[in-house]
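> One structure, pasted below without further comment.
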Protein chains: 4
Amino acid sequence: MRISDRPKGLAREGILAAATHLFLDKGVDKASLSDIAKEAGVSKGTLHYHFASKNDLIFAITEAHMETITRELLQLLERMRESPDRLFALLMTSLLEARDRGRLHLHLVREAVAGNPELREKIAETYARWEEMLAAALITLFPDHRAASDIAKLIIAIIDGCVIQELVREQRMDFSVLIEALIALNRPFFTSGSRS
Amino acid sequence: MRISDRPKGLAREGILAAATHLFLDKGVDKASLSDIAKEAGVSKGTLHYHFASKNDLIFAITEAHMETITRELLQLLERMRESPDRLFALLMTSLLEARDRGRLHLHLVREAVAGNPELREKIAETYARWEEMLAAALITLFPDHRAASDIAKLIIAIIDGCVIQELVREQRMDFSVLIEALIALNRPFFTSGSRS
Amino acid sequence: MRISDRPKGLAREGILAAATHLFLDKGVDKASLSDIAKEAGVSKGTLHYHFASKNDLIFAITEAHMETITRELLQLLERMRESPDRLFALLMTSLLEARDRGRLHLHLVREAVAGNPELREKIAETYARWEEMLAAALITLFPDHRAASDIAKLIIAIIDGCVIQELVREQRMDFSVLIEALIALNRPFFTSGSRS
Amino acid sequence: MRISDRPKGLAREGILAAATHLFLDKGVDKASLSDIAKEAGVSKGTLHYHFASKNDLIFAITEAHMETITRELLQLLERMRESPDRLFALLMTSLLEARDRGRLHLHLVREAVAGNPELREKIAETYARWEEMLAAALITLFPDHRAASDIAKLIIAIIDGCVIQELVREQRMDFSVLIEALIALNRPFFTSGSRS
DNA sequence: TATGAATGAGTTTTCATTCAT
DNA sequence: AATGAATGAAAACTCATTCAT
């Protein structure tokens with residue numbers, strides 16, 4: 001809030017915002033540092049003053065992105081106590097509603113997988129953390145249920161899968177329908193009708 | 001069969017194989033045409049003789065990749081008639097077992113999403129086709145079930161989601177456990193015990 | 001001589017000539033690849049086609065430079081049989097007469113010493129070779145003389161030292177005088193007059 | 001002595017020390033002002049406060065370096081009166097024993113030769129001064145000897161040449177051997193045995 | 001068909017220098 | 001005296017593409 005804060009932070013924040021936008025839009029590889037500097041309204045020199053390399057920038061943005069999702073997931077799980085039966089629907093609509101976030105997520109995950117081991121490690125750790133958070137919440141809500149950790153894994157996978165579907169097919173997924181499908185799924189296919 | 005045929009086909013196939021390998025390994029952007037030409041053992045000139053642009057090459061590889069999966073899906077659905085109750089497990093283990101395929105898939109999807117609309121369209125169409133194939137198979141196997149199309153969508157999403165998990169966390173997913181989870185999922189969480 | 005030779009070799013030779021000239025003139029660090037490309041009349045892309053990195057170019061030029069001196073030294077030692085008493089004068093005037101060569105030599109040696117171990121090794125080997133060649137020639141000319149190898153070392157050092165003097169003070173050294181000095185040197189200073 | 005004096009002098013001295021170390025280590029061109037500021041533990045702003053440009057810094061360091069050698073040469077020539085017969089050996093071992101000094105010397109000389117005329121002039125003057133000092137000392141020690149000035153020139157050249165040899169070949173020169181060689185040199189090679 | 005030489009636009013990165021505080 | 005944020009010019013290097021042969 002102090003005046004002296006602004007000049008310092010502003011450039012850095014502006015760069016992060018510009019980079020986030022361009023990474024999201026064109027992907028990490030195709031967004032050049034020139035593009036980012038231009039969009040942030042700073043010189044390339046300034047950009048490198050704040051982020052020594054492109055990798056640093058990617059890392060900073062990934063950290064912020066993962067942190068944002070984690071925070072949101074936490075809030076979501078809090079709210080869930082009031083209406084546990086809608087957990088799944090809430091989770092998916094909330095986490096997916098920002099299509100931009102999904103887009104950025106895909107780009108960062110791909111960057112991590114394509115030869116950026118540190119980044120991959122970072123993302124893997126966050127995934128593991130989400131899984132734990134989800135599993136813990138499930139156990140609180142349904143103390144008598146086993147396999148909470150597996151269900152957590154499954155939920156995360158479904159969300160990621162839906163992100164891809166949305167991005168590729170450019171159409172919203174209708175979750176109410178998906179959830180119906182999930183409910184219906186178990187009866188005929190896995191138990192092969194034996195559950196009377 | 002004529003002698004003159006062979007070199008022609010061979011060079012093209014060699015390029016495709018090299019490009020597939022490098023795209024899979026480093027991603028589409030980071031694999032340069034020089035790398036590919038070198039790995040294929042041809043000159044850059046030859047590469048451009050067979051594929052006018054990098055985009056052409058990407059497109060050809062995407063087509064081949066999607067076609068491979070489609071073919072495999074078809075065979076899988078055939079085999080399914082004999083043991084319909086294991087459909088899901090079979091689907092997932094088969095489609096995921098080649099980790100390379102998942103890796104390539106991620107890279108191609110990302111390339112499509114990041115500013116390559118033609119490619120995106122191509123992939124979207126194939127996804128739609130898979131969905132139809134799956135839905136049709138489900139209807140054949142379980143004629144009295146509704147929402148086959150939604151379940152198809154869900155299955156595809158789960159598979160994509162698992163691919164990402166595997167790539168990021170570098171650990172195989174245990175499907176038997178996931179399927180258990182799926183079965184267990186519907187009871188407490190969605191029906192919240194209301195199922196009589 | 002064939003027509004097909006020319007286009008191929010020409011660019012490479014042109015680049016080497018331009019780089020030699022600029023390295024000599026401004027030093028290795030201050031001669032940029034842009035400068036070199038411009039002087040050679042080719043694009044920067046072409047330059048990198050022929051020499052993958054600046055280091056490659058430096059190395060190629062160093063090799064050529066050292067080779068030139070070696071060749072010349074060989075010819076000199078041949079000619080020496082006819083007038084062995086003028087060996088030293090001949091050596092120094094010949095090797096130093098091309099001031100450009102000395103200039104280039106200083107730049108390359110400095111580059112080698114400042115963090116280019118491969119280059120340093122290359123130059124060190126050539127120095128050792130010169131020393132051997134010189135020592136062998138001395139032994140042939142004066143079979144009864146010991147310490148040929150040490151004298152060779154000394155001669156090389158004197159030449160290098162004179163190169164530096166010339167470059168820094170921008171004035172030719174007068175060798176006849178230096179040689180006089182060398183002759184005079186031993187009597188009073190080292191033997192302190194004891195040599196009757 | 002006042003408190004306010006110290007920080008001022010200290011920063012400047014720290015910068016000079018850091019720059020000397022880095023120039024010596026990596027060469028003048030490859031040592032960046034950022035590196036130097038970091039090693040000196042000051043900001044880049046401070047560095048520019050004390051030295052308006054990199055050239056200023058180079059110049060200051062060169063002056064200090066040349067002054068150090070001059071001072072040492074003076075002391076050496078003083079001590080020489082007591083054992084004039086060992087002049088040469090003493091000179092060379094003393095001036096060369098600090099290998100770092102030779103390294104720095106090479107870098108500064110090269111910088112001077114490569115497009116820094118002021119610096120070149122400065123160094124040339126100092127060389128001339130050394131020559132005079134040496135010649136004067138020689139005349140004092142050996143009043144009846146002619147060509148003292150040429151011998152001085154020769155001695156300086158030999159020292160510079162040995163510095164290069166040492167740096168490139170990374171092995172100490174054995175001076176006793178070199179001196180032997182010098183003594184031996186004059187008889188057979190130059191006079192070709194004619195010295196009755 | 002196939003090549004390799006050539007290109008130019010573009011990439012990330014480095015760096016000496018300036019300046020408000 | 002000292003700082004650190006900012007800059008722009010220039011560095012080395014990459015790469016898809018073109019083209020004569």
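Chain identifiers are assigned as A, B, and so on, following the order in which chains appear in the structure tokens; residues are numbered from 1 within each chain, and ligands are numbered from 1 in order of appearance.
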Would you list the contacts of Glu72 in chain C as an NGL selection string, taking every protein, DNA or RNA residue within 9 Å and counting only C-alpha atoms (C1' of nucleotides), but skipping same-chain residues closer than 5 positions in sequence?

:C and (67 or 77 or 94-95)

> Take the residues from that selection and write them out as a short mmCIF file (atom, residue, chain, number, x, y, z; two decimals), in the first residue's frame, keeping all heavy atoms.


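Ended up saving to out.cif:
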```cif
data_model
loop_
_atom_site.label_atom_id
_atom_site.label_comp_id
_atom_site.auth_asym_id
_atom_site.auth_seq_id
_atom_site.Cartn_x
_atom_site.Cartn_y
_atom_site.Cartn_z
N GLU C 67 49.14 -23.86 -37.82
CA GLU C 67 49.67 -24.66 -38.92
C GLU C 67 50.56 -23.81 -39.83
O GLU C 67 51.64 -24.24 -40.26
CB GLU C 67 48.51 -25.28 -39.71
CG GLU C 67 48.89 -26.49 -40.52
CD GLU C 67 49.69 -27.49 -39.69
OE1 GLU C 67 49.27 -27.84 -38.55
OE2 GLU C 67 50.76 -27.91 -40.17
N LEU C 77 63.88 -23.71 -41.03
CA LEU C 77 64.91 -24.60 -40.51
C LEU C 77 65.62 -25.32 -41.65
O LEU C 77 66.82 -25.62 -41.54
CB LEU C 77 64.29 -25.61 -39.54
CG LEU C 77 63.69 -24.99 -38.27
CD1 LEU C 77 63.06 -26.05 -37.39
CD2 LEU C 77 64.76 -24.21 -37.49
N SER C 94 61.80 -13.51 -39.55
CA SER C 94 60.78 -14.19 -40.34
C SER C 94 59.48 -14.32 -39.58
O SER C 94 58.41 -13.99 -40.08
CB SER C 94 61.28 -15.57 -40.75
OG SER C 94 62.43 -15.44 -41.55
N LEU C 95 59.59 -14.83 -38.39
CA LEU C 95 58.36 -15.12 -37.66
C LEU C 95 57.65 -13.85 -37.23
O LEU C 95 56.45 -13.84 -37.03
CB LEU C 95 58.66 -16.01 -36.46
CG LEU C 95 59.10 -17.41 -36.85
CD1 LEU C 95 59.42 -18.22 -35.61
CD2 LEU C 95 58.01 -18.12 -37.65
#
```

> Skip range 130-136 of chain B itself and residues of its chain fewer than 4 positions away, then list as a list in words all residues within 6 Å of it, counting only C-alpha atoms (C1' of nucleotides).

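Returned residues: Ala148, Ser149 and Ala152 of chain B.
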
> Can you measure CA of Thr46 in chain A to CA of Gly45 in chain C for me? One decimal in Å is fine.

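Going from CA of Thr46 in chain A over to CA of Gly45 in chain C, I get 28.1 Å.
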
> Residues of chain A that have any atom at most 10 Å from an atom of chain F: could you tabulate them with the shortest-distance atom pair and the distance in Å to one decimal, using only C-alpha atoms (C1' of nucleotides), ordered by chain and increasing number, as a tab-separated table?


```
residue	atom	partner	partner_atom	distance
A:Pro7	CA	F:DA5	C1'	8.5
A:Lys8	CA	F:DA5	C1'	7.3
A:Ala11	CA	F:DA5	C1'	9.2
A:Val42	CA	F:DA6	C1'	8.4
A:Ser43	CA	F:DT7	C1'	6.5
A:Lys44	CA	F:DT7	C1'	8.3
A:Gly45	CA	F:DT7	C1'	6.2
A:Thr46	CA	F:DA6	C1'	5.7
A:Leu47	CA	F:DA6	C1'	9.4
A:Tyr49	CA	F:DA5	C1'	8.2
A:His50	CA	F:DA5	C1'	9.2
```

> Could you build a table of the residues in chain E lying no more than 10 Å from chain D, giving for each the nearest pair of atoms and their separation in Å rounded to one decimal place, using only C-alpha atoms (C1' of nucleotides), ordered by chain and ascending residue number, as JSON lines?


```
{"residue": "E:DT14", "atom": "C1'", "partner": "D:Ser32", "partner_atom": "CA", "distance": 9.0}
{"residue": "E:DC15", "atom": "C1'", "partner": "D:Ser32", "partner_atom": "CA", "distance": 7.1}
{"residue": "E:DA16", "atom": "C1'", "partner": "D:Lys54", "partner_atom": "CA", "distance": 7.5}
{"residue": "E:DT17", "atom": "C1'", "partner": "D:Ser53", "partner_atom": "CA", "distance": 8.0}
{"residue": "E:DT18", "atom": "C1'", "partner": "D:Gly45", "partner_atom": "CA", "distance": 9.3}
{"residue": "E:DC19", "atom": "C1'", "partner": "D:Gly45", "partner_atom": "CA", "distance": 9.6}
```

> Would you output that residue set with N, CA and C atoms (P, O5', C5', C4', C3', O3' and C1' of nucleotides), as a JSON list (two decimals), in the first residue's frame?


```
[["chain", "number", "residue", "atom", "x", "y", "z"],
["E", 14, "DT", "P", 22.48, -15.12, -19.72],
["E", 14, "DT", "O5'", 23.32, -13.87, -20.22],
["E", 14, "DT", "C5'", 24.11, -14.02, -21.39],
["E", 14, "DT", "C4'", 24.77, -12.70, -21.69],
["E", 14, "DT", "C3'", 25.28, -11.95, -20.45],
["E", 14, "DT", "O3'", 26.61, -11.55, -20.76],
["E", 14, "DT", "C1'", 23.92, -10.53, -21.75],
["E", 15, "DC", "P", 27.58, -11.14, -19.61],
["E", 15, "DC", "O5'", 27.56, -9.56, -19.76],
["E", 15, "DC", "C5'", 27.50, -9.04, -21.08],
["E", 15, "DC", "C4'", 27.25, -7.56, -21.04],
["E", 15, "DC", "C3'", 27.58, -6.90, -19.71],
["E", 15, "DC", "O3'", 28.46, -5.85, -19.95],
["E", 15, "DC", "C1'", 25.44, -6.24, -20.49],
["E", 16, "DA", "P", 29.48, -5.39, -18.87],
["E", 16, "DA", "O5'", 29.52, -3.84, -19.18],
["E", 16, "DA", "C5'", 29.75, -3.45, -20.53],
["E", 16, "DA", "C4'", 29.05, -2.14, -20.82],
["E", 16, "DA", "C3'", 29.39, -1.00, -19.87],
["E", 16, "DA", "O3'", 29.52, 0.19, -20.62],
["E", 16, "DA", "C1'", 27.05, -1.43, -19.79],
["E", 17, "DT", "P", 29.96, 1.49, -19.85],
["E", 17, "DT", "O5'", 28.57, 2.19, -19.59],
["E", 17, "DT", "C5'", 27.65, 2.32, -20.67],
["E", 17, "DT", "C4'", 26.30, 2.79, -20.17],
["E", 17, "DT", "C3'", 26.34, 3.93, -19.14],
["E", 17, "DT", "O3'", 25.69, 5.05, -19.72],
["E", 17, "DT", "C1'", 24.76, 2.29, -18.55],
["E", 18, "DT", "P", 25.68, 6.45, -18.99],
["E", 18, "DT", "O5'", 24.16, 6.58, -18.50],
["E", 18, "DT", "C5'", 23.12, 6.26, -19.40],
["E", 18, "DT", "C4'", 21.79, 6.36, -18.68],
["E", 18, "DT", "C3'", 21.64, 7.56, -17.75],
["E", 18, "DT", "O3'", 20.39, 8.16, -18.01],
["E", 18, "DT", "C1'", 21.13, 5.58, -16.58],
["E", 19, "DC", "P", 20.09, 9.66, -17.52],
["E", 19, "DC", "O5'", 19.09, 9.42, -16.30],
["E", 19, "DC", "C5'", 18.07, 8.43, -16.42],
["E", 19, "DC", "C4'", 17.48, 8.15, -15.04],
["E", 19, "DC", "C3'", 17.55, 9.33, -14.06],
["E", 19, "DC", "O3'", 16.32, 9.45, -13.41],
["E", 19, "DC", "C1'", 18.40, 7.39, -13.07]]
```

> Once DSSP has gone over the backbone, tell me which residues of range 73-136 of chain B are in alpha helix (DSSP H), as a VMD selection string.

chain B and resid 73 to 80 87 to 97 99 to 113 117 to 136

> What does the distance between CA of Ile164 in chain C and CA of Ile36 in chain D come to in Å, to one decimal place?

27.6 Å

> Give me the residues within 9 Å of range 153-161 of chain B as a PyMOL selection string, counting only C-alpha atoms (C1' of nucleotides) and dropping any in the same chain fewer than 4 places off.

(chain A and resi 154-165+178-179+181-182) or (chain B and resi 88+91-92+95-96+102+106+127-128+130-131+134-135+148-149+165-166)

> Residues within 12 Å of Gly115 in chain B, please, as a count of residues only. Count only C-alpha atoms (C1' of nucleotides); anything in the same chain fewer than 6 positions from it doesn't count.

18

> Have a look at C1' of DT1 in chain E and CA of His21 in chain B and let me know their distance in Å, one decimal.

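CA of His21 in chain B lies at a distance of 24.3 Å from C1' of DT1 in chain E.
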
> Within 10 Å of Arg120 in chain C, counting only C-alpha atoms (C1' of nucleotides), which residues qualify if same-chain residues fewer than 3 places away don't, as a list of chain:residue names?

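Those residues are C:Leu108, C:Val109, C:Arg110, C:Glu111, C:Ala112, C:Val113, C:Ala114, C:Gly115, C:Asn116, C:Pro117, C:Ile123, C:Ala124, C:Glu125, C:Thr126, D:Leu167, D:Val168, D:Arg169, D:Glu170.
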